Amino acid sequence: MIIREARVEDIPQIQMVRNSVNENTLSNPDLVTDKDCEKFITERGKGWVCEIDGKITGFSIVDLKDHNIWALFVDPDFEKKGIGKKLHDIMLDWYFTQTKEKVWLGTSPNTRAELFYRKSNWKEIGMHSKNEIKFEMTFENWINNKTI
């Protein structure tokens, strides 16, 4: 298992992972374009991928401009192997070296993602969009969480 920074040439495999998930699915896969991915990993923030035997099995992308987690997804065939946690942690470690601004994300209720974020000490702060729970992580909470 290799965790590394995402590159533009990873985007086709990133899109495959994004469209393979069973929860937090896109109502229309065309809503997230390759150009969107490229912009988020090269201009707005940074992304990471998990690679196993040359195949991308998960990815994370954080947006420094809007201070949010743009994506964190794992291929369903590779769930429960710690990939999401590793991608999450490297992403937040990097984010908080760039800024001390709190970061937020939205995820569907009653999903494994919701449980993951609660277990990772994200704080629910309300609703986002039509039907997503909005979570937030502060720099202080992240640092304190890491020392436990």
# chains A, B, ... in the order shown; residues from 1 in each chain; ligands from 1
$ select_by_dssp --residues "chain A" --states "strand (DSSP E or B)" --output "JSON, numbers by chain"
{"A": [2, 3, 4, 5, 45, 46, 47, 48, 49, 50, 51, 52, 55, 56, 57, 58, 59, 60, 61, 62, 63, 68, 69, 70, 71, 72, 73, 74, 103, 104, 105, 106, 107, 123, 124, 125, 126, 127, 128, 132, 133, 134, 135, 136, 137]}
$ select_by_dssp --residues "chain A" --states "alpha helix (DSSP H)" --output "number ranges by chain"
A: 11-18, 34-39, 83-98, 112-119, 139-146
$ residues_around --residues "Thr57 in chain A" --least-positions-apart "6" --cutoff "7 Å" --atoms "only C-alpha atoms" --output "VMD selection string"
chain A and resid 17 50 to 51 74 to 75 78
$ closest_residue --among "A:Asn131, A:Thr111, A:Ser60, A:Asn68" --to "Ile90 in chain A" --atoms "only C-alpha atoms"
A:Ser60
$ residues_around --residues "Trp94 in chain A" --least-positions-apart "6" --cutoff "12 Å" --atoms "only C-alpha atoms" --output "compact mmCIF listing (two decimals) with N, CA, C and O atoms, in the first residue's frame"
# COMPACT_ATOMS: atom_id res chain seq x y z
N GLU A 5 0.91 11.75 -3.18
CA GLU A 5 0.16 12.88 -3.71
C GLU A 5 -0.49 12.50 -5.04
O GLU A 5 0.12 11.78 -5.86
N GLY A 45 -6.18 23.17 -3.88
CA GLY A 45 -5.73 22.44 -2.70
C GLY A 45 -4.77 21.34 -3.10
O GLY A 45 -3.87 21.55 -3.90
N LYS A 46 -5.03 20.15 -2.56
CA LYS A 46 -4.15 19.03 -2.84
C LYS A 46 -4.94 17.74 -2.65
O LYS A 46 -5.92 17.71 -1.91
N GLY A 47 -4.46 16.69 -3.32
CA GLY A 47 -5.08 15.38 -3.18
C GLY A 47 -4.04 14.30 -2.96
O GLY A 47 -2.85 14.49 -3.24
N TRP A 48 -4.50 13.18 -2.46
CA TRP A 48 -3.66 12.00 -2.23
C TRP A 48 -4.40 10.78 -2.72
O TRP A 48 -5.63 10.75 -2.76
N SER A 60 -8.24 11.20 -1.48
CA SER A 60 -8.75 12.31 -0.68
C SER A 60 -8.29 13.61 -1.33
O SER A 60 -7.21 13.67 -1.91
N ILE A 61 -9.16 14.63 -1.22
CA ILE A 61 -8.84 15.94 -1.79
C ILE A 61 -9.36 17.00 -0.83
O ILE A 61 -10.53 16.96 -0.41
N VAL A 62 -8.51 17.96 -0.49
CA VAL A 62 -8.90 19.07 0.38
C VAL A 62 -8.80 20.38 -0.40
O VAL A 62 -7.90 20.56 -1.21
N ASP A 63 -9.75 21.26 -0.14
CA ASP A 63 -9.85 22.55 -0.82
C ASP A 63 -9.45 23.66 0.16
O ASP A 63 -10.15 23.91 1.14
N LEU A 64 -8.32 24.31 -0.11
CA LEU A 64 -7.85 25.39 0.75
C LEU A 64 -8.65 26.68 0.59
O LEU A 64 -8.73 27.48 1.51
N LEU A 87 -5.63 8.16 4.44
CA LEU A 87 -5.84 9.29 3.54
C LEU A 87 -6.36 10.51 4.32
O LEU A 87 -5.93 11.63 4.09
N HIS A 88 -7.27 10.27 5.23
CA HIS A 88 -7.83 11.32 6.09
C HIS A 88 -6.72 12.01 6.88
O HIS A 88 -6.62 13.23 6.90
N LYS A 100 -4.54 27.50 9.76
CA LYS A 100 -5.13 27.10 11.04
C LYS A 100 -6.65 27.27 10.99
O LYS A 100 -7.33 27.11 11.99
N PHE A 139 -8.24 23.28 14.15
CA PHE A 139 -6.83 22.96 14.33
C PHE A 139 -6.60 22.39 15.73
O PHE A 139 -5.94 21.36 15.89
N TRP A 142 -7.89 18.88 16.06
CA TRP A 142 -7.03 17.93 15.33
C TRP A 142 -5.76 17.63 16.11
O TRP A 142 -5.38 16.47 16.27
$ residues_around --residues "Asn24 in chain A" --least-positions-apart "6" --cutoff "9 Å" --atoms "only C-alpha atoms" --output "PyMOL selection string"
chain A and resi 107-108+111+113
$ write_last_selection --atoms "C-alpha atoms" --output "PDB file, in the first residue's frame"
ATOM      1  CA  THR A 107     -21.849  13.715   4.202  1.00  0.00           C
ATOM      2  CA  SER A 108     -25.095  11.802   3.964  1.00  0.00           C
ATOM      3  CA  THR A 111     -23.771   6.107   6.357  1.00  0.00           C
ATOM      4  CA  ALA A 113     -18.903   7.914   6.376  1.00  0.00           C
TER       5      ALA A 113
END
$ residues_around --residues "Phe96 in chain A" --least-positions-apart "3" --cutoff "10 Å" --atoms "only C-alpha atoms" --output "VMD selection string"
chain A and resid 91 to 93 99 to 103 138 to 140 142 to 143
$ closest_residue --among "A:Arg18, A:Ile52, A:Lys119, A:Asn141" --to "Trp70 in chain A" --atoms "only C-alpha atoms"
A:Arg18
$ atom_distance --atom1 "CA of Ile133 in chain A" --atom2 "CA of Gln13 in chain A"
27.4 Å
$ closest_residue --among "A:Pro29, A:Arg112, A:Arg44, A:Leu105" --to "Glu124 in chain A" --atoms "only C-alpha atoms"
A:Leu105
$ atom_distance --atom1 "CA of Lys134 in chain A" --atom2 "CA of Ile2 in chain A"
29.9 Å
$ atom_distance --atom1 "CA of Ile125 in chain A" --atom2 "CA of Lys146 in chain A"
21.2 Å
$ residues_around --residues "Trp104 in chain A" --least-positions-apart "6" --cutoff "8 Å" --atoms "only C-alpha atoms" --output "list of chain:residue names"
A:His67, A:Asn68, A:Ile69, A:Lys134, A:Phe135, A:Glu136, A:Met137
$ decode --residues "range 8-24 of chain A" --atoms "all heavy atoms" --output "short mmCIF file (atom, residue, chain, number, x, y, z; two decimals), in the first residue's frame"
data_model
loop_
_atom_site.label_atom_id
_atom_site.label_comp_id
_atom_site.auth_asym_id
_atom_site.auth_seq_id
_atom_site.Cartn_x
_atom_site.Cartn_y
_atom_site.Cartn_z
N VAL A 8 -2.32 14.61 -11.96
CA VAL A 8 -3.34 14.78 -13.00
C VAL A 8 -3.60 13.46 -13.72
O VAL A 8 -4.75 13.11 -14.01
CB VAL A 8 -2.94 15.90 -13.98
CG1 VAL A 8 -3.88 15.95 -15.17
CG2 VAL A 8 -2.92 17.24 -13.26
N GLU A 9 -2.55 12.69 -13.96
CA GLU A 9 -2.72 11.42 -14.68
C GLU A 9 -3.48 10.36 -13.85
O GLU A 9 -3.90 9.33 -14.38
CB GLU A 9 -1.39 10.85 -15.18
CG GLU A 9 -0.34 10.66 -14.13
CD GLU A 9 0.59 11.86 -13.96
OE1 GLU A 9 0.22 13.01 -14.28
OE2 GLU A 9 1.72 11.63 -13.47
N ASP A 10 -3.71 10.63 -12.57
CA ASP A 10 -4.49 9.73 -11.71
C ASP A 10 -6.00 9.95 -11.86
O ASP A 10 -6.79 9.12 -11.39
CB ASP A 10 -4.14 9.94 -10.23
CG ASP A 10 -2.71 9.60 -9.89
OD1 ASP A 10 -2.17 8.65 -10.49
OD2 ASP A 10 -2.14 10.28 -9.02
N ILE A 11 -6.39 11.04 -12.47
CA ILE A 11 -7.81 11.42 -12.48
C ILE A 11 -8.72 10.33 -13.05
O ILE A 11 -9.78 10.07 -12.46
CB ILE A 11 -8.01 12.79 -13.17
CG1 ILE A 11 -7.39 13.88 -12.27
CG2 ILE A 11 -9.48 13.07 -13.44
CD1 ILE A 11 -7.34 15.26 -12.87
N PRO A 12 -8.40 9.65 -14.15
CA PRO A 12 -9.32 8.59 -14.60
C PRO A 12 -9.58 7.52 -13.54
O PRO A 12 -10.74 7.11 -13.34
CB PRO A 12 -8.61 8.01 -15.83
CG PRO A 12 -7.79 9.15 -16.35
CD PRO A 12 -7.31 9.88 -15.11
N GLN A 13 -8.54 7.12 -12.81
CA GLN A 13 -8.74 6.12 -11.76
C GLN A 13 -9.45 6.72 -10.54
O GLN A 13 -10.25 6.04 -9.89
CB GLN A 13 -7.41 5.50 -11.34
CG GLN A 13 -6.87 4.50 -12.34
CD GLN A 13 -5.72 3.71 -11.75
OE1 GLN A 13 -5.93 2.89 -10.86
NE2 GLN A 13 -4.51 3.97 -12.24
N ILE A 14 -9.19 7.99 -10.25
CA ILE A 14 -9.90 8.67 -9.17
C ILE A 14 -11.40 8.66 -9.48
O ILE A 14 -12.23 8.36 -8.62
CB ILE A 14 -9.37 10.11 -8.97
CG1 ILE A 14 -8.00 10.08 -8.28
CG2 ILE A 14 -10.36 10.98 -8.20
CD1 ILE A 14 -7.28 11.42 -8.24
N GLN A 15 -11.74 8.98 -10.72
CA GLN A 15 -13.15 9.00 -11.12
C GLN A 15 -13.77 7.60 -11.02
O GLN A 15 -14.94 7.45 -10.62
CB GLN A 15 -13.30 9.53 -12.55
CG GLN A 15 -12.98 11.00 -12.69
CD GLN A 15 -14.07 11.92 -12.19
OE1 GLN A 15 -14.69 11.68 -11.15
NE2 GLN A 15 -14.31 12.99 -12.92
N MET A 16 -12.99 6.57 -11.34
CA MET A 16 -13.50 5.20 -11.22
C MET A 16 -13.84 4.88 -9.76
O MET A 16 -14.89 4.30 -9.47
CB MET A 16 -12.49 4.20 -11.78
CG MET A 16 -12.42 4.22 -13.29
SD MET A 16 -11.12 3.16 -13.97
CE MET A 16 -11.58 1.58 -13.34
N VAL A 17 -12.95 5.26 -8.84
CA VAL A 17 -13.21 5.03 -7.42
C VAL A 17 -14.45 5.83 -7.00
O VAL A 17 -15.36 5.28 -6.36
CB VAL A 17 -11.99 5.41 -6.55
CG1 VAL A 17 -12.36 5.39 -5.07
CG2 VAL A 17 -10.83 4.46 -6.82
N ARG A 18 -14.50 7.10 -7.38
CA ARG A 18 -15.63 7.96 -6.97
C ARG A 18 -16.97 7.38 -7.42
O ARG A 18 -17.96 7.43 -6.71
CB ARG A 18 -15.46 9.38 -7.56
CG ARG A 18 -16.63 10.33 -7.23
CD ARG A 18 -16.74 10.54 -5.74
NE ARG A 18 -17.86 11.33 -5.33
CZ ARG A 18 -19.03 10.84 -4.89
NH1 ARG A 18 -19.25 9.55 -4.88
NH2 ARG A 18 -19.99 11.64 -4.48
N ASN A 19 -16.99 6.82 -8.61
CA ASN A 19 -18.25 6.29 -9.16
C ASN A 19 -18.52 4.85 -8.77
O ASN A 19 -19.56 4.30 -9.14
CB ASN A 19 -18.27 6.47 -10.67
CG ASN A 19 -18.34 7.94 -11.05
OD1 ASN A 19 -19.17 8.68 -10.55
ND2 ASN A 19 -17.43 8.39 -11.89
N SER A 20 -17.62 4.23 -8.00
CA SER A 20 -17.82 2.83 -7.58
C SER A 20 -18.45 2.72 -6.20
O SER A 20 -18.87 1.64 -5.80
CB SER A 20 -16.48 2.09 -7.58
OG SER A 20 -15.67 2.51 -6.49
N VAL A 21 -18.50 3.83 -5.45
CA VAL A 21 -18.95 3.76 -4.06
C VAL A 21 -20.44 3.46 -3.95
O VAL A 21 -21.21 3.75 -4.86
CB VAL A 21 -18.59 5.04 -3.28
CG1 VAL A 21 -17.08 5.24 -3.25
CG2 VAL A 21 -19.28 6.26 -3.86
N ASN A 22 -20.80 2.86 -2.81
CA ASN A 22 -22.19 2.48 -2.57
C ASN A 22 -22.95 3.51 -1.75
O ASN A 22 -24.17 3.50 -1.71
CB ASN A 22 -22.24 1.13 -1.85
CG ASN A 22 -21.58 0.04 -2.67
OD1 ASN A 22 -21.80 -0.08 -3.86
ND2 ASN A 22 -20.74 -0.75 -2.02
N GLU A 23 -22.23 4.39 -1.05
CA GLU A 23 -22.83 5.45 -0.24
C GLU A 23 -22.31 6.79 -0.74
O GLU A 23 -21.25 6.87 -1.34
CB GLU A 23 -22.47 5.29 1.23
CG GLU A 23 -23.03 4.04 1.87
CD GLU A 23 -22.69 3.93 3.35
OE1 GLU A 23 -21.67 4.49 3.79
OE2 GLU A 23 -23.46 3.28 4.06
N ASN A 24 -23.06 7.85 -0.44
CA ASN A 24 -22.69 9.18 -0.90
C ASN A 24 -22.44 9.20 -2.41
O ASN A 24 -21.47 9.78 -2.89
CB ASN A 24 -21.47 9.71 -0.14
CG ASN A 24 -21.80 10.02 1.30
OD1 ASN A 24 -22.69 10.82 1.58
ND2 ASN A 24 -21.10 9.39 2.22
#
